file run-v6.txt (compact mmCIF, C-alpha atoms)
# COMPACT_ATOMS: atom_id res chain seq x y z
CA LEU I 711 -12.57 -27.33 23.85
CA CYS I 712 -15.14 -27.92 21.13
CA LEU I 713 -15.60 -24.17 20.67
CA PHE I 714 -11.83 -23.68 20.51
CA ILE I 715 -11.51 -26.32 17.78
CA LEU I 716 -14.47 -24.85 15.90
CA PHE I 717 -13.00 -21.34 16.01
CA TYR I 718 -9.54 -22.58 15.11
CA TYR I 719 -10.73 -24.25 11.91
CA SER I 720 -13.41 -21.72 10.96
CA SER I 721 -11.57 -18.45 11.64
CA GLU I 722 -8.39 -17.68 9.76
CA LEU I 723 -7.61 -14.79 12.12
CA PHE I 724 -8.07 -16.93 15.24
CA SER I 725 -5.98 -19.83 13.91
CA HIS I 726 -3.25 -17.40 12.81
CA ARG I 727 -3.08 -15.85 16.30
CA ILE I 728 -2.92 -19.29 17.92
CA ASN I 729 -0.15 -20.39 15.53
CA VAL I 730 1.83 -17.20 16.26
CA ALA I 731 1.41 -17.77 20.00
CA ILE I 732 2.66 -21.36 19.66
CA SER I 733 5.62 -20.18 17.60
CA GLU I 734 6.50 -17.50 20.19
CA PHE I 735 6.09 -20.03 22.99
CA ASN I 736 8.53 -22.43 21.31
CA ALA I 737 11.01 -19.64 20.54
CA ASN I 738 10.93 -18.48 24.16
CA ILE I 739 11.44 -22.00 25.51
CA ASN I 740 14.13 -23.05 23.04
CA LEU I 741 15.93 -19.80 22.20
CA HIS I 742 15.00 -17.58 25.19
CA THR I 743 13.77 -14.86 22.84
CA CYS I 744 11.18 -12.28 23.74
CA GLU I 745 9.74 -11.05 20.48
CA GLY I 746 6.01 -10.95 20.84
CA SER I 747 3.08 -10.91 23.20
CA THR I 748 3.21 -14.59 24.17
CA SER I 749 6.94 -14.68 24.85
CA ALA I 750 6.74 -11.40 26.80
CA ARG I 751 3.97 -12.83 28.97
CA MET I 752 6.03 -15.96 29.55
CA GLU I 753 9.02 -13.88 30.60
CA MET I 754 6.87 -11.77 32.95
CA ALA I 755 5.38 -14.93 34.49
CA ARG I 756 8.89 -16.35 34.91
CA VAL I 757 10.06 -13.20 36.73
CA SER I 758 6.93 -13.24 38.92
CA LEU I 759 7.47 -16.88 39.84
CA LYS I 760 11.13 -16.26 40.72
CA GLN I 761 10.15 -13.34 42.94
CA MET I 762 7.44 -15.40 44.62
CA LEU I 763 9.96 -18.15 45.34
CA LEU I 764 12.36 -15.56 46.81
CA HIS I 765 9.60 -14.10 49.03
CA PRO I 766 7.11 -16.96 49.54
CA LEU I 767 5.52 -15.75 52.79
CA THR I 768 5.32 -12.00 52.44
CA GLY I 769 5.62 -11.50 48.70
CA THR I 770 7.39 -8.48 47.31
CA GLY I 771 4.63 -6.06 48.36
CA ILE I 772 1.49 -4.80 46.67
CA GLY I 773 2.39 -2.57 43.76
CA SER I 774 6.01 -3.77 43.64
CA TRP I 775 5.73 -5.03 40.05
CA LEU I 776 6.38 -1.51 38.76
CA ALA I 777 9.69 -1.35 40.64
CA ILE I 778 10.83 -4.92 39.93
CA TRP I 779 9.96 -5.58 36.28
CA PRO I 780 12.09 -2.85 34.63
CA SER I 781 15.30 -4.40 35.96
CA PHE I 782 14.38 -7.70 34.26
CA ALA I 783 12.87 -6.21 31.11
CA ALA I 784 16.14 -6.02 29.18
CA THR I 785 15.20 -9.25 27.41
CA CYS I 786 11.78 -7.77 26.55
CA PRO I 787 12.41 -4.08 25.86
CA MET I 788 9.07 -3.68 24.10
CA SER I 789 7.33 -4.67 27.35
CA ALA I 790 9.47 -2.68 29.77
CA GLY I 791 6.70 -0.22 30.65
CA LEU I 792 3.94 -2.73 31.37
CA ASN I 793 2.28 -2.20 34.74
CA ASN I 794 1.46 -5.87 35.38
CA PRO I 795 2.61 -9.31 34.20
CA HIS I 796 -0.67 -10.01 32.38
CA ASN I 797 -1.35 -12.95 34.69
CA ASP I 798 -3.26 -12.27 37.90
CA TYR I 799 -2.11 -15.53 39.47
CA ALA I 800 1.56 -14.67 38.92
CA LEU I 801 1.01 -11.13 40.17
CA ALA I 802 -0.86 -12.25 43.31
CA GLY I 803 1.84 -14.82 44.10
CA MET I 804 4.65 -12.36 43.55
CA GLU I 805 3.25 -9.35 45.38
CA THR I 806 1.40 -11.08 48.23
CA GLY I 807 3.19 -14.43 48.51
CA VAL I 808 1.72 -17.90 48.67
CA LEU I 809 -1.05 -16.81 51.05
CA GLY I 810 -2.17 -14.11 48.63
CA LEU I 811 -2.14 -16.55 45.74
CA PHE I 812 -4.14 -19.10 47.75
CA SER I 813 -6.59 -16.36 48.74
CA LEU I 814 -7.20 -15.56 45.07
CA LEU I 815 -7.61 -19.25 44.25
CA TRP I 816 -9.98 -19.67 47.22
CA LEU I 817 -12.08 -16.72 46.02
CA TYR I 818 -12.29 -18.15 42.51
CA PHE I 819 -13.08 -21.61 43.90
CA GLN I 820 -15.91 -20.24 46.05
CA LEU I 821 -17.35 -18.30 43.11
CA PHE I 822 -17.00 -21.33 40.84
CA LYS I 823 -18.65 -23.60 43.42
CA SER I 824 -21.60 -21.22 43.78
CA GLY I 825 -21.80 -20.77 40.02
CA PHE I 826 -21.84 -24.54 39.53
CA LYS I 827 -24.66 -24.93 42.06
CA ASN I 828 -26.60 -22.27 40.19
CA ALA I 829 -25.91 -24.00 36.86
CA LEU I 830 -27.36 -27.25 38.23
CA ASN I 831 -30.55 -25.31 38.93
CA GLY I 832 -30.73 -23.81 35.45
CA ASN I 833 -28.83 -20.52 35.93
CA ILE I 834 -25.64 -20.97 33.92
CA ILE I 835 -24.76 -17.29 33.49
CA SER I 836 -22.76 -16.88 36.74
CA LEU I 837 -20.75 -20.01 35.91
CA LEU I 838 -19.95 -18.55 32.50
CA PHE I 839 -18.83 -15.27 34.09
CA ILE I 840 -16.53 -16.95 36.65
CA THR I 841 -15.10 -19.23 33.96
CA THR I 842 -14.36 -16.14 31.87
CA LEU I 843 -12.66 -14.48 34.83
CA VAL I 844 -10.58 -17.57 35.72
CA ILE I 845 -9.36 -18.00 32.12
CA SER I 846 -8.80 -14.29 31.58
CA SER I 847 -6.65 -14.19 34.73
CA LEU I 848 -4.19 -16.54 33.04
CA PHE I 849 -3.54 -14.24 30.09
CA ASN I 850 -4.35 -10.77 31.33
CA GLY I 851 -4.89 -8.74 34.48
CA PRO I 852 -8.66 -8.51 34.87
CA LEU I 853 -8.46 -7.87 38.60
CA ARG I 854 -6.25 -4.85 37.90
CA ASP I 855 -8.56 -3.66 35.14
CA ALA I 856 -11.09 -1.33 36.71
CA VAL I 857 -13.38 -1.57 33.70
CA LEU I 858 -13.57 -5.09 32.28
CA GLY I 859 -12.23 -7.15 35.18
CA MET I 860 -14.21 -5.46 37.91
CA ALA I 861 -17.30 -5.57 35.71
CA ILE I 862 -16.92 -9.32 35.25
CA THR I 863 -16.37 -9.80 38.98
CA TRP I 864 -19.47 -7.73 39.72
CA MET I 865 -21.49 -9.70 37.14
CA VAL I 866 -20.39 -13.01 38.71
CA THR I 867 -21.57 -12.01 42.14
CA ALA I 868 -24.69 -10.23 40.93
CA THR I 869 -25.93 -13.28 39.04
CA LEU I 870 -25.39 -15.75 41.88
CA HIS I 871 -28.41 -16.98 43.79
CA ASP I 872 -28.11 -18.46 47.25
CA ILE I 873 -29.24 -22.02 46.54
CA ASP I 874 -28.79 -23.19 50.14
CA HIS I 875 -30.79 -20.30 51.60
CA PRO I 876 -33.48 -19.10 49.21
CA PRO I 877 -35.25 -15.89 50.14
CA SER I 878 -38.20 -16.50 52.44
CA GLU I 879 -41.64 -15.53 51.31
CA ALA I 880 -43.11 -12.68 53.29
call {"tool": "encode", "arguments": {"input": "run-v6.txt", "output": "structure tokens"}}
result
Amino acid sequence: LCLFILFYYSSELFSHRINVAISEFNANINLHTCEGSTSARMEMARVSLKQMLLHPLTGTGIGSWLAIWPSFAATCPMSAGLNNPHNDYALAGMETGVLGLFSLLWLYFQLFKSGFKNALNGNIISLLFITTLVISSLFNGPLRDAVLGMAITWMVTATLHDIDHPPSEA
């Protein structure tokens, strides 16, 4: 939060992007417009949530976003060709149902728990990586991104140390 406030007041570009996002958020809520990245992401999350509520146990099927989104994209024509809703939580819930969403949350919780244990013992890097992944999953699709997202996931697991079972000395 402190870093966010620091960047907001010290970077004109960052504060401008945040102000635009807030403006798009308000326009989407109040006027149901879809004219920008933030409002498009909100609309995609809304569609994902509706689909998850329609198919809570089974989801709509892995990969079904590509078939479902175009029929709802009339309000967001600039985003009609997007291959994911830019929110891994919404995508997991929609395509794999509540169990898939809980599985993703469980995975993140386990990684966060291990990262926190490591941070208490002086290794904060894995906690930083999982925090990055958890936040990025709200605004993008890192688990669908074979480059950045998988790299972050790999870095999280590679930097974890088993605190409960340290390697034995031979």
call {"tool": "residues_around", "arguments": {"input": "run-v6.txt", "residues": "Gly803 (chain I)", "least_positions_apart": "2", "cutoff": "8 Å", "atoms": "only C-alpha atoms", "output": "PyMOL selection string"}}
result
chain I and resi 758-759+762+766+769+799-801+805-811
call {"tool": "atom_distance", "arguments": {"input": "run-v6.txt", "atom1": "CA of Ala737 (chain I)", "atom2": "CA of Ser781 (chain I)"}}
result
22.1 Å
call {"tool": "residues_around", "arguments": {"input": "run-v6.txt", "residues": "Ala784 (chain I)", "least_positions_apart": "6", "cutoff": "12 Å", "atoms": "all atoms listed in the file", "output": "list in words"}}
result
Thr743, Cys744, Glu745, Ala750, Glu753, Met754, Ala790 and Gly791 of chain I
call {"tool": "residues_around", "arguments": {"input": "run-v6.txt", "residues": "Ile840 (chain I)", "least_positions_apart": "4", "cutoff": "8 Å", "atoms": "only C-alpha atoms", "output": "MDAnalysis selection string"}}
result
chainID I and resid 818 821:822 825 836 844 862:863 866
call {"tool": "closest_residue", "arguments": {"input": "run-v6.txt", "among": "I:Met804, I:Ala861, I:Leu853, I:Ile715", "to": "Leu764 (chain I)", "atoms": "only C-alpha atoms"}}
result
I:Met804
call {"tool": "decode", "arguments": {"input": "run-v6.txt", "residues": "region 764-875 of chain I", "atoms": "C-alpha atoms", "output": "PDB file, in the first residue's frame"}}
result
ATOM      1  CA  LEU I 764     -25.010 -21.258 -14.470  1.00  0.00           C
ATOM      2  CA  HIS I 765     -22.579 -24.216 -14.283  1.00  0.00           C
ATOM      3  CA  PRO I 766     -21.291 -24.229 -10.683  1.00  0.00           C
ATOM      4  CA  LEU I 767     -20.277 -27.900 -10.468  1.00  0.00           C
ATOM      5  CA  THR I 768     -18.857 -28.723 -13.861  1.00  0.00           C
ATOM      6  CA  GLY I 769     -18.041 -25.299 -15.271  1.00  0.00           C
ATOM      7  CA  THR I 770     -18.402 -24.614 -18.961  1.00  0.00           C
ATOM      8  CA  GLY I 771     -15.385 -26.759 -19.904  1.00  0.00           C
ATOM      9  CA  ILE I 772     -11.695 -26.034 -20.286  1.00  0.00           C
ATOM     10  CA  GLY I 773     -11.116 -23.818 -23.285  1.00  0.00           C
ATOM     11  CA  SER I 774     -14.776 -22.783 -23.547  1.00  0.00           C
ATOM     12  CA  TRP I 775     -14.014 -19.069 -23.119  1.00  0.00           C
ATOM     13  CA  LEU I 776     -13.210 -18.804 -26.826  1.00  0.00           C
ATOM     14  CA  ALA I 777     -16.666 -20.105 -27.749  1.00  0.00           C
ATOM     15  CA  ILE I 778     -18.635 -18.195 -25.095  1.00  0.00           C
ATOM     16  CA  TRP I 779     -17.130 -14.693 -25.008  1.00  0.00           C
ATOM     17  CA  PRO I 780     -17.840 -13.626 -28.627  1.00  0.00           C
ATOM     18  CA  SER I 781     -21.592 -13.921 -28.082  1.00  0.00           C
ATOM     19  CA  PHE I 782     -21.337 -11.472 -25.156  1.00  0.00           C
ATOM     20  CA  ALA I 783     -18.703  -9.190 -26.672  1.00  0.00           C
ATOM     21  CA  ALA I 784     -21.177  -6.915 -28.469  1.00  0.00           C
ATOM     22  CA  THR I 785     -20.857  -4.434 -25.609  1.00  0.00           C
ATOM     23  CA  CYS I 786     -17.051  -4.601 -25.893  1.00  0.00           C
ATOM     24  CA  PRO I 787     -16.330  -4.948 -29.617  1.00  0.00           C
ATOM     25  CA  MET I 788     -12.697  -3.933 -29.171  1.00  0.00           C
ATOM     26  CA  SER I 789     -12.216  -6.969 -26.902  1.00  0.00           C
ATOM     27  CA  ALA I 790     -14.172  -9.512 -28.931  1.00  0.00           C
ATOM     28  CA  GLY I 791     -11.091 -11.501 -29.948  1.00  0.00           C
ATOM     29  CA  LEU I 792      -9.506 -11.860 -26.515  1.00  0.00           C
ATOM     30  CA  ASN I 793      -8.655 -15.451 -25.629  1.00  0.00           C
ATOM     31  CA  ASN I 794      -9.183 -15.087 -21.863  1.00  0.00           C
ATOM     32  CA  PRO I 795     -11.000 -12.772 -19.447  1.00  0.00           C
ATOM     33  CA  HIS I 796      -7.749 -11.358 -18.029  1.00  0.00           C
ATOM     34  CA  ASN I 797      -8.600 -12.760 -14.604  1.00  0.00           C
ATOM     35  CA  ASP I 798      -7.431 -16.277 -13.804  1.00  0.00           C
ATOM     36  CA  TYR I 799      -9.883 -16.606 -10.912  1.00  0.00           C
ATOM     37  CA  ALA I 800     -12.848 -15.774 -13.148  1.00  0.00           C
ATOM     38  CA  LEU I 801     -11.571 -18.100 -15.864  1.00  0.00           C
ATOM     39  CA  ALA I 802     -10.985 -21.008 -13.462  1.00  0.00           C
ATOM     40  CA  GLY I 803     -14.448 -20.567 -11.940  1.00  0.00           C
ATOM     41  CA  MET I 804     -16.137 -20.346 -15.308  1.00  0.00           C
ATOM     42  CA  GLU I 805     -14.379 -23.180 -17.104  1.00  0.00           C
ATOM     43  CA  THR I 806     -13.924 -25.640 -14.224  1.00  0.00           C
ATOM     44  CA  GLY I 807     -16.659 -24.624 -11.782  1.00  0.00           C
ATOM     45  CA  VAL I 808     -16.414 -23.971  -8.075  1.00  0.00           C
ATOM     46  CA  LEU I 809     -14.126 -26.969  -7.516  1.00  0.00           C
ATOM     47  CA  GLY I 810     -11.667 -25.665 -10.099  1.00  0.00           C
ATOM     48  CA  LEU I 811     -11.724 -22.212  -8.557  1.00  0.00           C
ATOM     49  CA  PHE I 812     -11.169 -23.655  -5.078  1.00  0.00           C
ATOM     50  CA  SER I 813      -8.324 -25.786  -6.439  1.00  0.00           C
ATOM     51  CA  LEU I 814      -6.611 -22.665  -7.771  1.00  0.00           C
ATOM     52  CA  LEU I 815      -7.157 -20.850  -4.479  1.00  0.00           C
ATOM     53  CA  TRP I 816      -5.848 -23.889  -2.565  1.00  0.00           C
ATOM     54  CA  LEU I 817      -2.715 -23.970  -4.734  1.00  0.00           C
ATOM     55  CA  TYR I 818      -2.089 -20.267  -4.165  1.00  0.00           C
ATOM     56  CA  PHE I 819      -2.763 -20.674  -0.435  1.00  0.00           C
ATOM     57  CA  GLN I 820      -0.281 -23.545  -0.157  1.00  0.00           C
ATOM     58  CA  LEU I 821       2.364 -21.581  -2.059  1.00  0.00           C
ATOM     59  CA  PHE I 822       1.686 -18.486   0.039  1.00  0.00           C
ATOM     60  CA  LYS I 823       1.859 -20.485   3.278  1.00  0.00           C
ATOM     61  CA  SER I 824       5.207 -21.996   2.281  1.00  0.00           C
ATOM     62  CA  GLY I 825       6.466 -18.619   1.094  1.00  0.00           C
ATOM     63  CA  PHE I 826       5.468 -17.039   4.402  1.00  0.00           C
ATOM     64  CA  LYS I 827       7.315 -19.744   6.356  1.00  0.00           C
ATOM     65  CA  ASN I 828      10.381 -19.085   4.224  1.00  0.00           C
ATOM     66  CA  ALA I 829      10.044 -15.324   4.783  1.00  0.00           C
ATOM     67  CA  LEU I 830      10.033 -15.866   8.557  1.00  0.00           C
ATOM     68  CA  ASN I 831      13.386 -17.599   8.118  1.00  0.00           C
ATOM     69  CA  GLY I 832      14.878 -14.799   6.037  1.00  0.00           C
ATOM     70  CA  ASN I 833      14.020 -15.932   2.491  1.00  0.00           C
ATOM     71  CA  ILE I 834      11.448 -13.415   1.280  1.00  0.00           C
ATOM     72  CA  ILE I 835      11.875 -13.971  -2.461  1.00  0.00           C
ATOM     73  CA  SER I 836       9.361 -16.844  -2.816  1.00  0.00           C
ATOM     74  CA  LEU I 837       6.761 -14.810  -0.905  1.00  0.00           C
ATOM     75  CA  LEU I 838       7.321 -11.914  -3.298  1.00  0.00           C
ATOM     76  CA  PHE I 839       6.900 -14.217  -6.306  1.00  0.00           C
ATOM     77  CA  ILE I 840       3.635 -15.769  -5.044  1.00  0.00           C
ATOM     78  CA  THR I 841       2.287 -12.333  -4.106  1.00  0.00           C
ATOM     79  CA  THR I 842       3.076 -11.172  -7.638  1.00  0.00           C
ATOM     80  CA  LEU I 843       1.290 -14.195  -9.090  1.00  0.00           C
ATOM     81  CA  VAL I 844      -1.786 -13.780  -6.852  1.00  0.00           C
ATOM     82  CA  ILE I 845      -2.150 -10.079  -7.722  1.00  0.00           C
ATOM     83  CA  SER I 846      -1.392 -10.586 -11.398  1.00  0.00           C
ATOM     84  CA  SER I 847      -4.114 -13.251 -11.553  1.00  0.00           C
ATOM     85  CA  LEU I 848      -6.679 -10.574 -10.708  1.00  0.00           C
ATOM     86  CA  PHE I 849      -5.841  -8.382 -13.685  1.00  0.00           C
ATOM     87  CA  ASN I 850      -4.338 -10.708 -16.246  1.00  0.00           C
ATOM     88  CA  GLY I 851      -4.003 -14.367 -17.172  1.00  0.00           C
ATOM     89  CA  PRO I 852      -0.571 -15.391 -15.928  1.00  0.00           C
ATOM     90  CA  LEU I 853      -1.482 -19.066 -15.730  1.00  0.00           C
ATOM     91  CA  ARG I 854      -2.409 -18.961 -19.421  1.00  0.00           C
ATOM     92  CA  ASP I 855       0.759 -17.080 -20.280  1.00  0.00           C
ATOM     93  CA  ALA I 856       3.408 -19.639 -21.115  1.00  0.00           C
ATOM     94  CA  VAL I 857       6.185 -17.091 -20.754  1.00  0.00           C
ATOM     95  CA  LEU I 858       5.636 -14.735 -17.819  1.00  0.00           C
ATOM     96  CA  GLY I 859       3.057 -16.640 -15.790  1.00  0.00           C
ATOM     97  CA  MET I 860       4.711 -20.023 -15.977  1.00  0.00           C
ATOM     98  CA  ALA I 861       8.069 -18.399 -15.260  1.00  0.00           C
ATOM     99  CA  ILE I 862       6.684 -16.784 -12.108  1.00  0.00           C
ATOM    100  CA  THR I 863       5.095 -20.074 -11.033  1.00  0.00           C
ATOM    101  CA  TRP I 864       8.396 -21.866 -11.608  1.00  0.00           C
ATOM    102  CA  MET I 865      10.288 -19.168  -9.680  1.00  0.00           C
ATOM    103  CA  VAL I 866       7.879 -19.487  -6.732  1.00  0.00           C
ATOM    104  CA  THR I 867       8.410 -23.198  -6.426  1.00  0.00           C
ATOM    105  CA  ALA I 868      12.130 -23.080  -7.182  1.00  0.00           C
ATOM    106  CA  THR I 869      12.797 -20.576  -4.403  1.00  0.00           C
ATOM    107  CA  LEU I 870      10.848 -22.429  -1.726  1.00  0.00           C
ATOM    108  CA  HIS I 871      12.765 -24.328   0.918  1.00  0.00           C
ATOM    109  CA  ASP I 872      11.176 -27.097   2.928  1.00  0.00           C
ATOM    110  CA  ILE I 873      11.300 -25.545   6.402  1.00  0.00           C
ATOM    111  CA  ASP I 874       9.635 -28.510   8.111  1.00  0.00           C
ATOM    112  CA  HIS I 875      11.991 -31.066   6.554  1.00  0.00           C
TER     113      HIS I 875
END
